[in-house]
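Chemist: Handing over input_4.pdb, PDB, C-alpha atoms.
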```
ATOM      1  CA  MET P  22    -274.973  18.072 185.858  1.00  0.00           C
ATOM      2  CA  ASN P  23    -276.339  15.485 188.202  1.00  0.00           C
ATOM      3  CA  GLU P  24    -279.663  13.691 188.165  1.00  0.00           C
ATOM      4  CA  HIS P  25    -281.067  15.501 191.216  1.00  0.00           C
ATOM      5  CA  HIS P  26    -280.147  19.069 190.430  1.00  0.00           C
ATOM      6  CA  ASP P  27    -279.865  21.358 187.466  1.00  0.00           C
ATOM      7  CA  GLN P  28    -276.468  22.569 188.643  1.00  0.00           C
ATOM      8  CA  PRO P  29    -273.117  20.970 187.816  1.00  0.00           C
ATOM      9  CA  VAL P  30    -271.427  18.874 190.475  1.00  0.00           C
ATOM     10  CA  SER P  31    -268.344  20.616 191.840  1.00  0.00           C
ATOM     11  CA  LEU P  32    -264.888  19.105 191.816  1.00  0.00           C
ATOM     12  CA  GLN P  33    -264.743  19.607 195.576  1.00  0.00           C
ATOM     13  CA  ALA P  34    -267.976  17.629 196.088  1.00  0.00           C
ATOM     14  CA  CYS P  35    -266.636  14.751 193.988  1.00  0.00           C
ATOM     15  CA  TRP P  36    -263.334  14.800 195.836  1.00  0.00           C
ATOM     16  CA  LEU P  37    -265.039  14.710 199.234  1.00  0.00           C
ATOM     17  CA  GLN P  38    -267.249  11.818 198.141  1.00  0.00           C
ATOM     18  CA  LEU P  39    -264.201   9.849 196.953  1.00  0.00           C
ATOM     19  CA  LEU P  40    -262.438  10.485 200.267  1.00  0.00           C
ATOM     20  CA  HIS P  41    -265.545   9.271 202.098  1.00  0.00           C
ATOM     21  CA  ILE P  42    -265.594   6.065 200.017  1.00  0.00           C
ATOM     22  CA  GLN P  43    -261.889   5.456 200.659  1.00  0.00           C
ATOM     23  CA  GLU P  44    -262.377   5.936 204.399  1.00  0.00           C
ATOM     24  CA  GLU P  45    -265.299   3.508 204.367  1.00  0.00           C
ATOM     25  CA  LEU P  46    -263.207   0.926 202.514  1.00  0.00           C
ATOM     26  CA  LEU P  47    -260.358   1.372 204.970  1.00  0.00           C
ATOM     27  CA  THR P  48    -262.588   0.877 207.999  1.00  0.00           C
ATOM     28  CA  THR P  49    -264.723  -1.975 206.647  1.00  0.00           C
ATOM     29  CA  GLN P  50    -262.468  -3.918 204.265  1.00  0.00           C
ATOM     30  CA  THR P  51    -258.933  -3.777 205.674  1.00  0.00           C
ATOM     31  CA  GLU P  52    -259.067  -7.296 207.141  1.00  0.00           C
ATOM     32  CA  ALA P  53    -260.480  -8.795 203.930  1.00  0.00           C
ATOM     33  CA  ILE P  54    -257.837  -7.029 201.820  1.00  0.00           C
ATOM     34  CA  GLN P  55    -255.072  -8.268 204.110  1.00  0.00           C
ATOM     35  CA  GLN P  56    -256.421 -11.832 203.918  1.00  0.00           C
ATOM     36  CA  ALA P  57    -256.586 -11.657 200.115  1.00  0.00           C
ATOM     37  CA  ALA P  58    -253.027 -10.294 199.970  1.00  0.00           C
ATOM     38  CA  GLN P  59    -251.833 -13.168 202.171  1.00  0.00           C
ATOM     39  CA  VAL P  60    -253.522 -15.744 199.929  1.00  0.00           C
ATOM     40  CA  CYS P  61    -251.907 -14.174 196.835  1.00  0.00           C
ATOM     41  CA  ALA P  62    -248.473 -14.044 198.503  1.00  0.00           C
ATOM     42  CA  GLU P  63    -248.697 -17.710 199.495  1.00  0.00           C
ATOM     43  CA  CYS P  64    -249.818 -18.640 195.991  1.00  0.00           C
ATOM     44  CA  ILE P  65    -246.742 -17.005 194.466  1.00  0.00           C
ATOM     45  CA  GLU P  66    -244.425 -18.349 197.188  1.00  0.00           C
ATOM     46  CA  TYR P  67    -245.480 -21.921 196.368  1.00  0.00           C
ATOM     47  CA  GLY P  68    -245.169 -21.512 192.602  1.00  0.00           C
ATOM     48  CA  GLY P  69    -248.801 -20.781 191.840  1.00  0.00           C
ATOM     49  CA  VAL P  70    -250.346 -18.384 189.355  1.00  0.00           C
ATOM     50  CA  ILE P  71    -252.781 -15.581 190.008  1.00  0.00           C
ATOM     51  CA  HIS P  72    -255.453 -15.630 187.295  1.00  0.00           C
ATOM     52  CA  THR P  73    -257.436 -12.458 186.626  1.00  0.00           C
ATOM     53  CA  PHE P  74    -260.793 -12.159 184.896  1.00  0.00           C
ATOM     54  CA  GLY P  75    -263.297  -9.417 184.275  1.00  0.00           C
ATOM     55  CA  SER P  76    -265.994  -8.804 181.702  1.00  0.00           C
ATOM     56  CA  GLY P  77    -267.387  -5.554 180.378  1.00  0.00           C
ATOM     57  CA  HIS P  78    -265.850  -2.592 182.158  1.00  0.00           C
ATOM     58  CA  SER P  79    -264.276  -4.982 184.665  1.00  0.00           C
ATOM     59  CA  ARG P  80    -261.893  -6.195 181.919  1.00  0.00           C
ATOM     60  CA  ALA P  81    -259.782  -3.136 182.715  1.00  0.00           C
ATOM     61  CA  PHE P  82    -259.100  -4.434 186.236  1.00  0.00           C
ATOM     62  CA  ALA P  83    -257.980  -7.830 184.945  1.00  0.00           C
ATOM     63  CA  ALA P  84    -255.803  -6.264 182.246  1.00  0.00           C
ATOM     64  CA  GLU P  85    -254.192  -3.792 184.630  1.00  0.00           C
ATOM     65  CA  LEU P  86    -252.501  -6.558 186.604  1.00  0.00           C
ATOM     66  CA  VAL P  87    -250.698  -8.262 183.703  1.00  0.00           C
ATOM     67  CA  HIS P  88    -248.055  -7.316 181.162  1.00  0.00           C
ATOM     68  CA  ARG P  89    -246.773  -4.385 183.194  1.00  0.00           C
ATOM     69  CA  ALA P  90    -243.136  -3.330 183.230  1.00  0.00           C
ATOM     70  CA  GLY P  91    -241.828  -4.443 186.610  1.00  0.00           C
ATOM     71  CA  GLY P  92    -245.024  -6.382 187.305  1.00  0.00           C
ATOM     72  CA  LEU P  93    -245.348  -9.868 188.710  1.00  0.00           C
ATOM     73  CA  ALA P  94    -244.709 -12.598 186.159  1.00  0.00           C
ATOM     74  CA  PRO P  95    -247.030 -15.267 187.608  1.00  0.00           C
ATOM     75  CA  ILE P  96    -250.202 -13.426 186.682  1.00  0.00           C
ATOM     76  CA  ASN P  97    -252.389 -14.715 183.870  1.00  0.00           C
ATOM     77  CA  ARG P  98    -255.317 -12.830 182.374  1.00  0.00           C
ATOM     78  CA  ILE P  99    -258.275 -14.913 181.279  1.00  0.00           C
ATOM     79  CA  ASP P 100    -260.397 -13.105 178.724  1.00  0.00           C
ATOM     80  CA  PHE P 101    -263.376 -13.832 176.490  1.00  0.00           C
ATOM     81  CA  GLU P 102    -261.190 -13.279 173.456  1.00  0.00           C
ATOM     82  CA  ASP P 103    -259.288 -16.430 174.491  1.00  0.00           C
ATOM     83  CA  LEU P 104    -262.322 -18.304 173.140  1.00  0.00           C
ATOM     84  CA  ALA P 105    -261.477 -17.065 169.648  1.00  0.00           C
ATOM     85  CA  LEU P 106    -257.697 -17.149 170.087  1.00  0.00           C
ATOM     86  CA  TYR P 107    -257.403 -20.671 171.466  1.00  0.00           C
ATOM     87  CA  GLY P 108    -260.766 -22.137 170.512  1.00  0.00           C
ATOM     88  CA  ASP P 109    -263.155 -22.128 167.610  1.00  0.00           C
ATOM     89  CA  TRP P 110    -265.510 -19.374 168.772  1.00  0.00           C
ATOM     90  CA  SER P 111    -266.076 -16.523 166.330  1.00  0.00           C
ATOM     91  CA  LEU P 112    -265.094 -13.010 167.376  1.00  0.00           C
ATOM     92  CA  LYS P 113    -268.706 -11.955 166.789  1.00  0.00           C
ATOM     93  CA  ARG P 114    -269.922 -14.545 169.303  1.00  0.00           C
ATOM     94  CA  VAL P 115    -267.150 -13.719 171.788  1.00  0.00           C
ATOM     95  CA  ARG P 116    -267.881  -9.991 171.674  1.00  0.00           C
ATOM     96  CA  SER P 117    -271.644 -10.363 171.998  1.00  0.00           C
ATOM     97  CA  LEU P 118    -273.340  -9.417 175.271  1.00  0.00           C
ATOM     98  CA  GLU P 119    -274.738 -12.931 175.551  1.00  0.00           C
ATOM     99  CA  CYS P 120    -271.240 -14.420 175.842  1.00  0.00           C
ATOM    100  CA  GLU P 121    -270.829 -13.338 179.452  1.00  0.00           C
ATOM    101  CA  ARG P 122    -274.031 -15.171 180.367  1.00  0.00           C
ATOM    102  CA  ASP P 123    -273.148 -18.348 178.455  1.00  0.00           C
ATOM    103  CA  LEU P 124    -272.142 -21.141 180.836  1.00  0.00           C
ATOM    104  CA  ALA P 125    -270.334 -22.917 177.981  1.00  0.00           C
ATOM    105  CA  ALA P 126    -268.034 -19.896 177.709  1.00  0.00           C
ATOM    106  CA  GLY P 127    -266.883 -20.282 181.318  1.00  0.00           C
ATOM    107  CA  THR P 128    -266.155 -23.970 180.895  1.00  0.00           C
ATOM    108  CA  ALA P 129    -264.334 -23.375 177.607  1.00  0.00           C
ATOM    109  CA  LEU P 130    -262.290 -20.508 179.027  1.00  0.00           C
ATOM    110  CA  LEU P 131    -261.018 -22.619 181.885  1.00  0.00           C
ATOM    111  CA  SER P 132    -260.120 -25.472 179.524  1.00  0.00           C
ATOM    112  CA  TYR P 133    -257.701 -23.185 177.645  1.00  0.00           C
ATOM    113  CA  HIS P 134    -255.676 -22.390 180.755  1.00  0.00           C
ATOM    114  CA  ARG P 135    -253.624 -24.533 183.096  1.00  0.00           C
ATOM    115  CA  ILE P 136    -255.316 -24.189 186.469  1.00  0.00           C
ATOM    116  CA  GLU P 137    -253.709 -25.791 189.515  1.00  0.00           C
ATOM    117  CA  PRO P 138    -255.301 -26.280 192.955  1.00  0.00           C
ATOM    118  CA  HIS P 139    -252.946 -23.748 194.610  1.00  0.00           C
ATOM    119  CA  ASP P 140    -253.667 -21.008 192.043  1.00  0.00           C
ATOM    120  CA  VAL P 141    -255.708 -17.918 192.894  1.00  0.00           C
ATOM    121  CA  PHE P 142    -258.471 -16.199 190.923  1.00  0.00           C
ATOM    122  CA  LEU P 143    -259.120 -12.460 191.094  1.00  0.00           C
ATOM    123  CA  ILE P 144    -262.497 -11.938 189.463  1.00  0.00           C
ATOM    124  CA  ALA P 145    -263.882  -8.455 188.920  1.00  0.00           C
ATOM    125  CA  SER P 146    -267.586  -7.907 188.378  1.00  0.00           C
ATOM    126  CA  GLN P 147    -269.549  -4.712 188.500  1.00  0.00           C
ATOM    127  CA  SER P 148    -272.890  -6.471 188.923  1.00  0.00           C
ATOM    128  CA  GLY P 149    -271.805  -9.703 190.590  1.00  0.00           C
ATOM    129  CA  LEU P 150    -274.632 -11.474 188.797  1.00  0.00           C
ATOM    130  CA  ILE P 151    -272.990 -12.732 185.631  1.00  0.00           C
ATOM    131  CA  LEU P 152    -273.531 -16.473 185.348  1.00  0.00           C
ATOM    132  CA  LEU P 153    -270.150 -17.054 183.766  1.00  0.00           C
ATOM    133  CA  LEU P 154    -268.403 -15.574 186.761  1.00  0.00           C
ATOM    134  CA  LEU P 155    -270.412 -17.730 189.125  1.00  0.00           C
ATOM    135  CA  ASN P 156    -269.608 -20.797 187.034  1.00  0.00           C
ATOM    136  CA  MET P 157    -265.908 -19.991 187.288  1.00  0.00           C
ATOM    137  CA  LEU P 158    -266.154 -19.377 191.036  1.00  0.00           C
ATOM    138  CA  PHE P 159    -267.896 -22.630 191.897  1.00  0.00           C
ATOM    139  CA  ARG P 160    -266.112 -24.939 189.508  1.00  0.00           C
TER
END
```
Using structure tokens, write down the structure from this file.
Modeler:
Amino acid sequence: MNEHHDQPVSLQACWLQLLHIQEELLTTQTEAIQQAAQVCAECIEYGGVIHTFGSGHSRAFAAELVHRAGGLAPINRIDFEDLALYGDWSLKRVRSLECERDLAAGTALLSYHRIEPHDVFLIASQSGLILLLLNMLFR
């Protein structure tokens, strides 16, 4: 069911909507995707590391890029659980919803990883408003 009708949404309607979204991405984001790919390629060419990060549902994006058979080795996932693994944060604190809004978490996360000027960050955010992500971006 959908929120506007009492009838179920058809598979065909979903498929057509997904095709529409893909077409929109292709026409509006191709240049940006190509630029990002070039930056990542140059990073790897010069010995850099691509760091991935995502919180909440966006963790899946960050995880998908690392530890894959046949995947690129110079990719490092940065995750909230690093705060408990490498630091002295409790798992309860790390897994709380407040953690992703805690500026201290962003600073601590970065301190546990070797970050070089030529490295690249791929940061996934559904909302784009999480303070931790902004802290990592502007550091």
Chemist: For stretch 94-103 of chain P, list every protein, DNA or RNA residue within 7 Å, evaluated using all atoms listed in the file, and leave out those in the same chain fewer than 4 positions away; present the list as a list in words.
Modeler: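 With the cut-off at 7 Å, the set is Val70, Ile71, His72, Thr73, Phe74, Ala83, Ala84, Val87, Tyr107, Val115 and Leu130 of chain P.
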Chemist: Each side padded by 6 Å, which centre and which edge lengths in Å (one decimal) define the axis-aligned box around the listed atoms of stretch 99-106 of chain P? Give them as lines of an AutoDock Vina configuration file.
Modeler:
```
center_x = -260.5
center_y = -15.7
center_z = 175.5
size_x = 17.7
size_y = 17.2
size_z = 23.6
```
Chemist: If we count only C-alpha atoms and set the cut-off at 12 Å, which residues sit around P:Tyr67, ignoring sequence neighbours fewer than 2 positions away in its own chain? Please answer as a list in words.
Modeler: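 Once the nearby chain positions are removed, what remains is Val60, Cys61, Ala62, Glu63, Cys64, Ile65, Gly69, Val70, Ile71, Pro95, Glu137, Pro138, His139, Asp140 and Val141 of chain P.
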Chemist: Any idea what the distance is between atom CA of P:Gly77 and atom CA of P:Cys120?
Modeler: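 Between these atoms lies a distance of 10.7 Å.
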Chemist: From the list P:Leu143, P:Leu46, P:Leu104, P:Ala125, which residue is nearest P:Arg80 when using only C-alpha atoms?
Modeler: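 Checking each candidate against P:Arg80, we get P:Leu143 as the closest.
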Chemist: So what do you get for atom CA of P:Gly92 versus atom CA of P:Ala57, distance-wise?
Modeler: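 Atom-to-atom, atom CA of P:Gly92 and atom CA of P:Ala57 are spaced 18.0 Å apart.
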Chemist: By how many Å are atom CA of P:Phe142 and atom CA of P:Glu44 apart?
Modeler: 26.2 Å
Chemist: I'd like to know which of P:Gly91, P:Gly75, P:Pro29, P:Gly68 is closest to P:Ala145, using only C-alpha atoms.
Modeler: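 Closest residue, counting only C-alpha atoms: P:Gly75.
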Chemist: Calculated over all atoms listed in the file, which of the candidates P:Asp109, P:Thr49, P:His78, P:Asp27 has the smallest distance to P:Gln147?
Modeler: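 Closest candidate: P:His78.
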Chemist: Quick one: of P:Leu32, P:Ser76, P:Ala105, P:Tyr133, who's nearest to P:Glu121, counting all atoms listed in the file?
Modeler: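 Of the candidates, the smallest distance to P:Glu121 is held by P:Ser76.
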Chemist: Grab stretch 93-141 of chain P from that structure and dump C-alpha atoms to a file, as a PDB file, in the first residue's frame.
Modeler:
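Output (out_37.pdb):
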```pdb
ATOM      1  CA  LEU P  93      40.556  -2.398  -3.982  1.00  0.00           C
ATOM      2  CA  ALA P  94      42.987  -2.755  -1.095  1.00  0.00           C
ATOM      3  CA  PRO P  95      43.524   0.957  -0.358  1.00  0.00           C
ATOM      4  CA  ILE P  96      40.039   1.487   1.016  1.00  0.00           C
ATOM      5  CA  ASN P  97      39.528   2.019   4.732  1.00  0.00           C
ATOM      6  CA  ARG P  98      36.159   2.055   6.464  1.00  0.00           C
ATOM      7  CA  ILE P  99      35.782   4.454   9.362  1.00  0.00           C
ATOM      8  CA  ASP P 100      32.973   3.430  11.677  1.00  0.00           C
ATOM      9  CA  PHE P 101      31.532   4.488  15.024  1.00  0.00           C
ATOM     10  CA  GLU P 102      32.476   1.118  16.454  1.00  0.00           C
ATOM     11  CA  ASP P 103      36.125   2.161  15.997  1.00  0.00           C
ATOM     12  CA  LEU P 104      35.535   4.356  19.059  1.00  0.00           C
ATOM     13  CA  ALA P 105      35.075   1.224  21.161  1.00  0.00           C
ATOM     14  CA  LEU P 106      37.615  -0.904  19.287  1.00  0.00           C
ATOM     15  CA  TYR P 107      40.504   1.556  19.337  1.00  0.00           C
ATOM     16  CA  GLY P 108      39.399   3.961  22.050  1.00  0.00           C
ATOM     17  CA  ASP P 109      37.770   3.879  25.436  1.00  0.00           C
ATOM     18  CA  TRP P 110      34.172   4.552  24.397  1.00  0.00           C
ATOM     19  CA  SER P 111      31.592   2.039  25.595  1.00  0.00           C
ATOM     20  CA  LEU P 112      29.595   0.108  23.009  1.00  0.00           C
ATOM     21  CA  LYS P 113      26.426   1.527  24.573  1.00  0.00           C
ATOM     22  CA  ARG P 114      27.647   5.079  23.944  1.00  0.00           C
ATOM     23  CA  VAL P 115      28.884   4.240  20.435  1.00  0.00           C
ATOM     24  CA  ARG P 116      25.580   2.649  19.433  1.00  0.00           C
ATOM     25  CA  SER P 117      23.413   5.431  20.834  1.00  0.00           C
ATOM     26  CA  LEU P 118      21.660   7.817  18.444  1.00  0.00           C
ATOM     27  CA  GLU P 119      23.414  10.746  20.095  1.00  0.00           C
ATOM     28  CA  CYS P 120      26.831   9.469  18.985  1.00  0.00           C
ATOM     29  CA  GLU P 121      26.356  10.622  15.406  1.00  0.00           C
ATOM     30  CA  ARG P 122      25.673  14.155  16.633  1.00  0.00           C
ATOM     31  CA  ASP P 123      28.616  14.234  19.056  1.00  0.00           C
ATOM     32  CA  LEU P 124      31.438  16.402  17.708  1.00  0.00           C
ATOM     33  CA  ALA P 125      33.902  14.619  20.015  1.00  0.00           C
ATOM     34  CA  ALA P 126      33.109  11.383  18.174  1.00  0.00           C
ATOM     35  CA  GLY P 127      34.230  12.849  14.843  1.00  0.00           C
ATOM     36  CA  THR P 128      37.490  14.123  16.279  1.00  0.00           C
ATOM     37  CA  ALA P 129      38.158  10.824  18.055  1.00  0.00           C
ATOM     38  CA  LEU P 130      37.350   8.769  14.966  1.00  0.00           C
ATOM     39  CA  LEU P 131      39.840  10.665  12.857  1.00  0.00           C
ATOM     40  CA  SER P 132      42.537  10.313  15.526  1.00  0.00           C
ATOM     41  CA  TYR P 133      42.344   6.506  15.251  1.00  0.00           C
ATOM     42  CA  HIS P 134      43.130   6.505  11.538  1.00  0.00           C
ATOM     43  CA  ARG P 135      46.142   7.635   9.554  1.00  0.00           C
ATOM     44  CA  ILE P 136      44.849  10.396   7.304  1.00  0.00           C
ATOM     45  CA  GLU P 137      47.175  11.910   4.712  1.00  0.00           C
ATOM     46  CA  PRO P 138      46.578  15.090   2.677  1.00  0.00           C
ATOM     47  CA  HIS P 139      46.234  13.144  -0.608  1.00  0.00           C
ATOM     48  CA  ASP P 140      43.634  10.721   0.798  1.00  0.00           C
ATOM     49  CA  VAL P 141      39.979  10.841  -0.236  1.00  0.00           C
TER      50      VAL P 141
END
```
